[in-house]
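Visitor: So here's target-v7.tsv, just TSV, C-alpha atoms:
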chain	number	residue	atom	x	y	z
A	293	MET	CA	7.88	-17.18	-22.18
A	294	LEU	CA	7.50	-16.35	-18.51
A	295	ASN	CA	5.49	-13.21	-17.76
A	296	ALA	CA	6.89	-10.61	-15.39
A	297	PRO	CA	5.29	-11.87	-12.11
A	298	LYS	CA	6.30	-15.50	-12.77
A	299	LEU	CA	9.78	-14.41	-13.79
A	300	THR	CA	10.14	-12.43	-10.57
A	301	LEU	CA	9.06	-15.44	-8.48
A	302	ALA	CA	11.54	-17.65	-10.35
A	303	ILE	CA	14.34	-15.24	-9.52
A	304	LEU	CA	13.27	-15.22	-5.86
A	305	ILE	CA	13.35	-19.03	-5.67
A	306	ASN	CA	16.77	-19.22	-7.31
A	307	ALA	CA	18.12	-16.52	-5.01
A	308	ALA	CA	16.85	-18.39	-1.95
A	309	LEU	CA	18.74	-21.52	-3.04
A	310	ILE	CA	22.01	-19.62	-3.28
A	311	THR	CA	23.96	-19.21	-0.04
A	312	PRO	CA	23.17	-15.67	1.18
A	313	THR	CA	26.03	-13.20	1.12
A	314	PHE	CA	24.83	-11.55	4.35
A	315	ALA	CA	22.94	-12.36	7.53
A	316	SER	CA	19.47	-13.89	7.43
A	317	GLU	CA	16.61	-11.84	8.86
A	318	GLN	CA	14.85	-14.98	10.07
A	319	SER	CA	17.92	-16.18	11.98
A	320	ASP	CA	17.66	-12.99	14.07
A	321	ALA	CA	13.98	-13.56	14.96
A	322	LYS	CA	13.37	-13.17	18.70
A	323	GLY	CA	9.84	-14.59	18.76
A	324	PHE	CA	6.14	-14.09	18.09
A	325	VAL	CA	5.61	-11.84	21.11
A	326	GLU	CA	9.15	-10.51	21.63
A	327	ASP	CA	9.26	-8.75	18.24
A	328	ALA	CA	5.61	-7.65	18.27
A	329	LYS	CA	4.78	-4.00	17.72
A	330	GLY	CA	1.65	-1.90	17.48
A	331	SER	CA	0.28	1.60	17.24
A	332	VAL	CA	-3.00	3.49	17.63
A	333	LEU	CA	-3.39	6.76	15.75
A	334	PHE	CA	-6.21	9.14	16.74
A	335	ARG	CA	-7.20	11.42	13.90
A	336	THR	CA	-9.84	14.14	13.60
A	337	GLY	CA	-11.01	14.99	10.10
A	338	TYR	CA	-12.88	18.09	9.00
A	339	ILE	CA	-13.65	19.14	5.44
A	340	LEU	CA	-15.68	22.19	4.38
A	341	ARG	CA	-16.56	22.95	0.79
A	342	ASP	CA	-18.06	26.41	0.34
A	343	LYS	CA	-20.09	25.88	-2.82
A	344	LYS	CA	-21.80	28.72	-4.66
A	345	HIS	CA	-24.57	29.39	-7.16
A	346	GLY	CA	-27.27	27.32	-5.48
A	347	ILE	CA	-25.18	24.15	-5.09
A	348	GLU	CA	-25.63	22.61	-1.64
A	349	ASP	CA	-22.59	22.95	0.62
A	350	GLN	CA	-20.80	19.75	1.65
A	351	SER	CA	-19.05	19.27	4.97
A	352	SER	CA	-17.65	16.30	6.88
A	353	PHE	CA	-16.56	16.14	10.51
A	354	ALA	CA	-15.50	12.87	12.19
A	355	GLN	CA	-13.12	11.20	14.66
A	356	THR	CA	-11.29	7.91	14.24
A	357	ALA	CA	-8.78	5.57	15.86
A	358	ILE	CA	-6.54	3.69	13.42
A	359	VAL	CA	-5.02	0.46	14.77
A	360	ASP	CA	-1.94	-1.32	13.39
A	361	LEU	CA	-0.81	-4.45	15.28
A	362	ASP	CA	1.93	-6.74	13.98
A	363	SER	CA	3.43	-9.76	15.69
A	364	GLY	CA	7.01	-10.88	15.41
A	365	PHE	CA	8.04	-14.10	13.66
A	366	THR	CA	8.28	-17.42	15.45
A	367	GLN	CA	11.78	-18.83	15.64
A	368	GLY	CA	12.98	-21.61	13.36
A	369	VAL	CA	13.87	-22.13	9.72
A	370	VAL	CA	10.48	-20.69	8.73
A	371	GLY	CA	8.91	-18.03	10.92
A	372	PHE	CA	5.18	-17.30	11.16
A	373	GLY	CA	3.23	-14.29	12.37
A	374	VAL	CA	-0.02	-12.34	12.14
A	375	GLY	CA	-1.13	-8.74	11.81
A	376	VAL	CA	-4.25	-6.62	12.21
A	377	VAL	CA	-5.08	-3.28	10.58
A	378	GLY	CA	-8.32	-1.40	11.03
A	379	ASP	CA	-10.14	1.69	12.20
A	380	GLY	CA	-13.17	2.67	14.27
A	381	SER	CA	-14.83	6.04	13.62
A	382	PHE	CA	-17.83	8.17	14.52
A	383	LYS	CA	-19.24	11.32	12.97
A	384	ILE	CA	-19.34	14.65	14.80
A	385	GLY	CA	-22.53	16.62	14.12
A	386	ASP	CA	-25.25	15.65	11.64
A	387	ASN	CA	-23.05	15.65	8.52
A	388	GLN	CA	-26.17	15.66	6.37
A	389	HIS	CA	-24.28	17.19	3.46
A	390	SER	CA	-21.25	14.91	3.62
A	391	GLY	CA	-19.88	13.93	0.25
A	392	ASN	CA	-16.14	14.31	0.52
A	393	ASN	CA	-15.01	10.67	0.37
A	394	MET	CA	-14.58	10.64	4.15
A	395	ILE	CA	-17.81	9.46	5.82
A	396	PRO	CA	-19.54	6.34	4.41
A	397	ARG	CA	-23.25	6.42	3.62
A	398	ASP	CA	-25.99	3.81	3.86
A	399	ASN	CA	-28.24	2.68	1.02
A	400	GLN	CA	-30.50	5.71	1.55
A	401	GLY	CA	-27.57	8.11	1.22
A	402	ASN	CA	-27.42	9.01	4.93
A	403	PRO	CA	-24.03	9.20	6.68
A	404	TYR	CA	-23.28	6.50	9.25
A	405	ASP	CA	-23.23	7.58	12.91
A	406	HIS	CA	-20.34	5.18	13.60
A	407	TRP	CA	-18.53	2.49	11.64
A	408	ALA	CA	-15.54	0.14	11.71
A	409	ARG	CA	-13.36	-1.36	8.97
A	410	GLY	CA	-10.20	-3.41	8.48
A	411	GLY	CA	-9.03	-6.99	8.67
A	412	ALA	CA	-6.24	-9.41	9.54
A	413	ASN	CA	-3.26	-10.86	7.70
A	414	VAL	CA	-0.86	-13.76	8.14
A	415	LYS	CA	2.83	-13.82	7.25
A	416	ALA	CA	5.70	-16.25	6.86
A	417	ARG	CA	9.45	-15.68	6.49
A	418	PHE	CA	12.25	-17.90	5.22
A	419	SER	CA	15.77	-16.46	5.28
A	420	ASN	CA	15.31	-12.91	3.93
A	421	THR	CA	12.05	-13.57	2.07
A	422	THR	CA	8.68	-12.64	3.57
A	423	VAL	CA	5.19	-13.34	2.21
A	424	ARG	CA	2.08	-11.74	3.69
A	425	TYR	CA	-1.55	-12.54	2.87
A	426	GLY	CA	-4.65	-10.63	3.95
A	427	THR	CA	-5.70	-7.04	4.53
A	428	GLN	CA	-2.85	-4.57	4.05
A	429	VAL	CA	-2.04	-0.88	3.66
A	430	LEU	CA	0.15	-0.65	0.54
A	431	ASP	CA	2.91	1.82	-0.25
A	432	LEU	CA	4.17	0.74	-3.67
A	433	PRO	CA	4.85	3.27	-6.46
A	434	VAL	CA	2.32	1.54	-8.72
A	435	LEU	CA	-0.28	0.56	-6.09
A	436	ALA	CA	-0.54	2.68	-2.95
A	437	SER	CA	-3.31	3.07	-0.39
A	438	ASN	CA	-5.05	6.43	-0.34
A	439	THR	CA	-4.27	7.91	3.09
A	440	THR	CA	-5.35	11.52	2.43
A	441	ARG	CA	-8.78	11.14	4.04
A	442	LEU	CA	-9.77	10.20	7.57
A	443	VAL	CA	-8.84	6.52	7.32
A	444	PRO	CA	-6.60	4.54	4.93
A	445	GLU	CA	-7.60	2.48	1.92
A	446	TYR	CA	-7.17	-1.29	2.43
A	447	PHE	CA	-6.13	-3.90	-0.12
A	448	THR	CA	-6.59	-7.65	0.28
A	449	GLY	CA	-4.16	-10.05	-1.32
A	450	THR	CA	-0.64	-11.46	-1.22
A	451	LEU	CA	2.66	-9.56	-1.20
A	452	LEU	CA	6.08	-11.21	-1.32
A	453	THR	CA	9.22	-9.24	-0.47
A	454	SER	CA	12.72	-10.70	-0.84
A	455	ARG	CA	16.17	-9.39	0.06
A	456	GLU	CA	18.21	-12.56	-0.55
A	457	ILE	CA	20.86	-10.68	-2.53
A	458	LYS	CA	22.64	-7.84	-0.79
A	459	ASN	CA	21.38	-4.37	-1.78
A	460	LEU	CA	18.61	-5.89	-3.95
A	461	GLU	CA	14.93	-5.92	-2.94
A	462	LEU	CA	12.38	-7.80	-5.06
A	463	VAL	CA	8.60	-7.67	-4.67
A	464	ALA	CA	5.73	-9.57	-6.27
A	465	GLY	CA	2.06	-9.68	-5.35
A	466	LYS	CA	-1.54	-10.15	-6.32
A	467	PHE	CA	-4.51	-8.24	-4.86
A	468	THR	CA	-8.19	-9.00	-5.36
A	469	LYS	CA	-10.05	-6.54	-3.10
A	470	ASP	CA	-9.89	-2.77	-2.59
A	471	GLN	CA	-11.73	-1.09	0.29
A	472	MET	CA	-11.81	2.66	-0.32
A	473	SER	CA	-11.51	5.12	2.56
A	474	ASP	CA	-15.21	6.04	2.69
A	475	ARG	CA	-16.70	2.58	2.12
A	476	ILE	CA	-17.88	-0.21	4.41
A	477	ASN	CA	-17.85	-2.83	1.64
A	478	THR	CA	-14.51	-4.69	1.63
A	479	ASP	CA	-14.36	-4.60	-2.18
A	480	SER	CA	-16.09	-1.32	-2.95
A	481	ASN	CA	-13.73	-0.62	-5.87
A	482	GLN	CA	-14.38	-4.07	-7.38
A	483	LEU	CA	-10.71	-4.74	-7.92
A	484	ASP	CA	-10.05	-7.50	-10.44
A	485	ASP	CA	-6.68	-9.24	-10.04
A	486	ALA	CA	-4.14	-6.44	-9.65
A	487	ILE	CA	-0.69	-8.03	-10.10
A	488	VAL	CA	2.41	-6.10	-9.01
A	489	TRP	CA	6.12	-6.76	-9.30
A	490	GLY	CA	9.32	-4.76	-8.96
A	491	ALA	CA	12.92	-4.44	-7.93
A	492	LYS	CA	15.08	-1.88	-6.15
A	493	TYR	CA	18.87	-1.99	-6.20
A	494	LYS	CA	21.40	0.08	-4.26
A	495	PHE	CA	24.61	0.27	-6.28
A	496	ASP	CA	26.49	2.11	-3.53
A	497	ASP	CA	25.89	4.78	-0.89
A	498	GLN	CA	25.25	7.34	-3.62
A	499	LEU	CA	23.30	5.60	-6.40
A	500	SER	CA	20.11	3.52	-6.36
A	501	ALA	CA	17.53	2.59	-8.98
A	502	SER	CA	14.15	0.85	-9.06
A	503	TYR	CA	11.44	-0.46	-11.39
A	504	TYR	CA	7.86	-1.49	-10.54
A	505	GLY	CA	5.01	-2.74	-12.68
A	506	LEU	CA	1.26	-3.22	-12.31
A	507	ASP	CA	-1.21	-5.19	-14.42
A	508	SER	CA	-4.80	-4.68	-13.33
A	509	LYS	CA	-7.17	-6.87	-15.31
A	510	ASN	CA	-9.58	-4.95	-17.57
A	511	ALA	CA	-8.31	-1.64	-16.19
A	512	LEU	CA	-4.71	-0.67	-16.85
A	513	GLU	CA	-1.01	-1.43	-17.13
A	514	ARG	CA	1.43	0.80	-15.25
A	515	HIS	CA	5.23	0.97	-15.19
A	516	TYR	CA	7.44	3.05	-12.92
A	517	ILE	CA	11.18	3.73	-12.97
A	518	ASN	CA	13.32	5.70	-10.55
A	519	ALA	CA	16.97	6.70	-10.25
A	520	ASN	CA	18.38	8.46	-7.22
A	521	TYR	CA	21.87	9.92	-6.96
A	522	LYS	CA	23.26	11.55	-3.82
A	523	TYR	CA	26.22	13.84	-4.46
A	524	PRO	CA	28.27	14.50	-1.30
A	525	LEU	CA	29.24	18.05	-0.41
A	526	ALA	CA	31.41	19.58	2.29
A	527	ASN	CA	30.43	19.56	5.99
A	528	GLN	CA	28.39	16.31	5.69
A	529	SER	CA	25.94	18.01	3.32
A	530	SER	CA	24.72	16.48	0.09
A	531	LEU	CA	22.80	17.26	-3.08
A	532	THR	CA	20.27	14.66	-4.24
A	533	PHE	CA	19.14	14.16	-7.83
A	534	ASP	CA	15.94	12.12	-8.14
A	535	PHE	CA	14.28	11.04	-11.39
A	536	SER	CA	10.93	9.24	-11.56
A	537	GLY	CA	8.90	8.27	-14.58
A	538	TYR	CA	5.50	6.64	-15.11
A	539	HIS	CA	3.91	5.03	-18.15
A	540	THR	CA	0.25	4.06	-17.84
A	541	LYS	CA	-1.91	2.38	-20.46
A	542	PHE	CA	-5.64	2.27	-19.73
A	543	ASP	CA	-8.07	-0.28	-21.06
A	544	LYS	CA	-10.48	1.49	-23.41
A	545	ASN	CA	-13.47	0.40	-21.31
A	546	ALA	CA	-11.90	1.00	-17.90
A	547	ASN	CA	-13.66	3.09	-15.27
A	548	THR	CA	-10.76	4.50	-13.23
A	549	TYR	CA	-10.58	5.81	-9.69
A	550	SER	CA	-8.20	8.77	-9.47
A	551	ALA	CA	-6.38	7.87	-6.23
A	552	THR	CA	-5.29	4.37	-7.23
A	553	GLY	CA	-6.07	4.10	-10.92
A	554	VAL	CA	-6.92	0.43	-10.55
A	555	LEU	CA	-10.59	0.44	-11.47
If you took the structure in this file and wrote it as structure tokens, what would it be?
Guide:
Amino acid sequence: MLNAPKLTLAILINAALITPTFASEQSDAKGFVEDAKGSVLFRTGYILRDKKHGIEDQSSFAQTAIVDLDSGFTQGVVGFGVGVVGDGSFKIGDNQHSGNNMIPRDNQGNPYDHWARGGANVKARFSNTTVRYGTQVLDLPVLASNTTRLVPEYFTGTLLTSREIKNLELVAGKFTKDQMSDRINTDSNQLDDAIVWGAKYKFDDQLSASYYGLDSKNALERHYINANYKYPLANQSSLTFDFSGYHTKFDKNANTYSATGVL
């Protein structure tokens, strides 16, 4: 019997062989440079924890620039492109009491004066199916990058997204590295083969539903379902009903990290 990731990939291949019922994204590609886009986000982070009863106070103060550069796809039956994500930061003040998952420390426990992180990725697209490999910021219901600190969490691996069937989006991926927000090491969370898959379908302008799954070796299994219904009201107003549910099963020996739950 096919497992969920292999079954998802089989569906993607079959869908690609069927004549699409709507326009191909790749056929609209303008070029590697013409469709390129990028952004630089400057962010200042400050955290103060006023601890009591003889416990040493912890504070963090730093500045960063977060870079996200993404090329377009080359023209042709199969399009190719590249992307870069990363950040460069420096601390403000001594930060000798930092311990808020924001400023990385060296082997002696001292905060870095300045540091840089990130990486590159490559991508390819055929019809309405895109595969990307490399360093990525993820936003999946079952595996999402922690972005609540100064800089984002980065995952390294492969993610395939397909929209070959109208109103249906399928995803499948495998990730092998997890760089937490306050770490220099590219696999500080020691991620071990996190496999994700899922589907999202829009029935009409009012109703949509989705399911996503995660299997992280020696850590956990996670399943997510969602249903969203938009009820139209007068004067172009609407009332939205949204249901989401999670089911997570941890390995009995797993050491989990609260933001991602994958270690």
Visitor: Can you tell me which residues surround Asn481 (chain A) at a distance of at most 6 Å, considering all atoms listed in the file, apart from same-chain residues fewer than 2 positions away, and format the answer as a VMD selection string?
Guide: chain A and resid 470 479 483
Visitor: Using only C-alpha atoms, determine which residues lie at most 10 Å from region 503-520 of chain A, disregarding the query and same-chain residues fewer than 4 positions distant; provide the list as an NGL selection string.
Guide: :A and (296-297 or 432-435 or 462-468 or 483-494 or 498-499 or 532-548 or 553-555)
Visitor: Could you please take those selected residues and save C-alpha atoms as a short mmCIF file (atom, residue, chain, number, x, y, z; two decimals), in the frame of the given file?
Guide:
data_model
loop_
_atom_site.label_atom_id
_atom_site.label_comp_id
_atom_site.auth_asym_id
_atom_site.auth_seq_id
_atom_site.Cartn_x
_atom_site.Cartn_y
_atom_site.Cartn_z
CA ALA A 296 6.89 -10.61 -15.39
CA PRO A 297 5.29 -11.87 -12.11
CA LEU A 432 4.17 0.74 -3.67
CA PRO A 433 4.85 3.27 -6.46
CA VAL A 434 2.32 1.54 -8.72
CA LEU A 435 -0.28 0.56 -6.09
CA LEU A 462 12.38 -7.80 -5.06
CA VAL A 463 8.60 -7.67 -4.67
CA ALA A 464 5.73 -9.57 -6.27
CA GLY A 465 2.06 -9.68 -5.35
CA LYS A 466 -1.54 -10.15 -6.32
CA PHE A 467 -4.51 -8.24 -4.86
CA THR A 468 -8.19 -9.00 -5.36
CA LEU A 483 -10.71 -4.74 -7.92
CA ASP A 484 -10.05 -7.50 -10.44
CA ASP A 485 -6.68 -9.24 -10.04
CA ALA A 486 -4.14 -6.44 -9.65
CA ILE A 487 -0.69 -8.03 -10.10
CA VAL A 488 2.41 -6.10 -9.01
CA TRP A 489 6.12 -6.76 -9.30
CA GLY A 490 9.32 -4.76 -8.96
CA ALA A 491 12.92 -4.44 -7.93
CA LYS A 492 15.08 -1.88 -6.15
CA TYR A 493 18.87 -1.99 -6.20
CA LYS A 494 21.40 0.08 -4.26
CA GLN A 498 25.25 7.34 -3.62
CA LEU A 499 23.30 5.60 -6.40
CA THR A 532 20.27 14.66 -4.24
CA PHE A 533 19.14 14.16 -7.83
CA ASP A 534 15.94 12.12 -8.14
CA PHE A 535 14.28 11.04 -11.39
CA SER A 536 10.93 9.24 -11.56
CA GLY A 537 8.90 8.27 -14.58
CA TYR A 538 5.50 6.64 -15.11
CA HIS A 539 3.91 5.03 -18.15
CA THR A 540 0.25 4.06 -17.84
CA LYS A 541 -1.91 2.38 -20.46
CA PHE A 542 -5.64 2.27 -19.73
CA ASP A 543 -8.07 -0.28 -21.06
CA LYS A 544 -10.48 1.49 -23.41
CA ASN A 545 -13.47 0.40 -21.31
CA ALA A 546 -11.90 1.00 -17.90
CA ASN A 547 -13.66 3.09 -15.27
CA THR A 548 -10.76 4.50 -13.23
CA GLY A 553 -6.07 4.10 -10.92
CA VAL A 554 -6.92 0.43 -10.55
CA LEU A 555 -10.59 0.44 -11.47
#
Visitor: CA of Gly411 (chain A) to CA of Gly426 (chain A): how many Å, to one decimal?
Guide: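 Pair CA of Gly411 (chain A) / CA of Gly426 (chain A) returns 7.4 Å.
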Visitor: How big is the axis-aligned box around the listed atoms of region 490-495 of chain A once 4 Å is added on each side, and where is its centre? Give both in Å to one decimal, as AutoDock Vina command-line options.
Guide:
--center_x 17.0 --center_y -2.2 --center_z -6.6 --size_x 23.3 --size_y 13.0 --size_z 12.7
Visitor: Find the residues with any atom within 7 Å of (6.2, -18.7, 7.2); use all atoms listed in the file and the coordinates as given in the file, and write the answer as a list in words.
Guide: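 Nearby residues: Val370, Gly371, Phe372, Lys415, Ala416, Arg417 and Phe418 of chain A.
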Visitor: Tell me, counting all atoms listed in the file, for each residue of region 409-449 of chain A within 8 Å of region 382-400 of chain A, which pair of atoms is nearest and how far apart they are in Å to one decimal, in rows ordered by chain and increasing number, as a Markdown table.
Guide:
| residue | atom | partner | partner_atom | distance |
| --- | --- | --- | --- | --- |
| A:Arg441 | CA | A:Met394 | CA | 5.8 |
| A:Leu442 | CA | A:Met394 | CA | 5.9 |
| A:Val443 | CA | A:Met394 | CA | 7.7 |
Visitor: So that I can check the surroundings of Leu340 (chain A), please list as a ChimeraX atom specification every protein, DNA and RNA residue that reaches within 7 Å of it, counting only C-alpha atoms and ignoring chain neighbours fewer than 2 positions away.
Guide: /A:338,342,350-352
Visitor: In Å, how far is it from CA of Ser454 (chain A) to CA of Lys522 (chain A)?
Guide: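 Spanning CA of Ser454 (chain A) to CA of Lys522 (chain A) is a straight-line distance of 24.8 Å.
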Visitor: Could you tell me how far CA of Tyr446 (chain A) lies from CA of Ser381 (chain A), in Å and to one decimal?
Guide: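 Taking CA of Tyr446 (chain A) and CA of Ser381 (chain A), their separation equals 15.4 Å.
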Visitor: With a distance cut-off of 10 Å and only C-alpha atoms, select the neighbouring residues of Ala408 (chain A), excluding the residue or stretch itself and same-chain residues fewer than 6 positions from it, and output the selection as a list in words.
Guide: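 Result of the neighbour search: Thr356, Ala357, Ile358, Gly378, Asp379, Gly380, Ser381, Phe382, Arg475 and Ile476 of chain A.
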Visitor: Using all atoms listed in the file, pick whichever of A:Asp405, A:Asp320, A:Asp497, A:Glu326 has the shortest atom-to-atom distance to Phe353 (chain A).
Guide: A:Asp405
Visitor: Measuring between only C-alpha atoms, which one of A:Ser437, A:Gln528, A:Thr427, A:Asn420 shows the shortest distance to Gly449 (chain A)?
Guide: A:Thr427
Visitor: List as number ranges by chain: which residues have an atom within 12 Å of (-2.7, 0.5, 6.2), counting all atoms listed in the file?
Guide: A: 331-333, 358-362, 375-379, 409-413, 426-431, 436-440, 443-448, 470-473
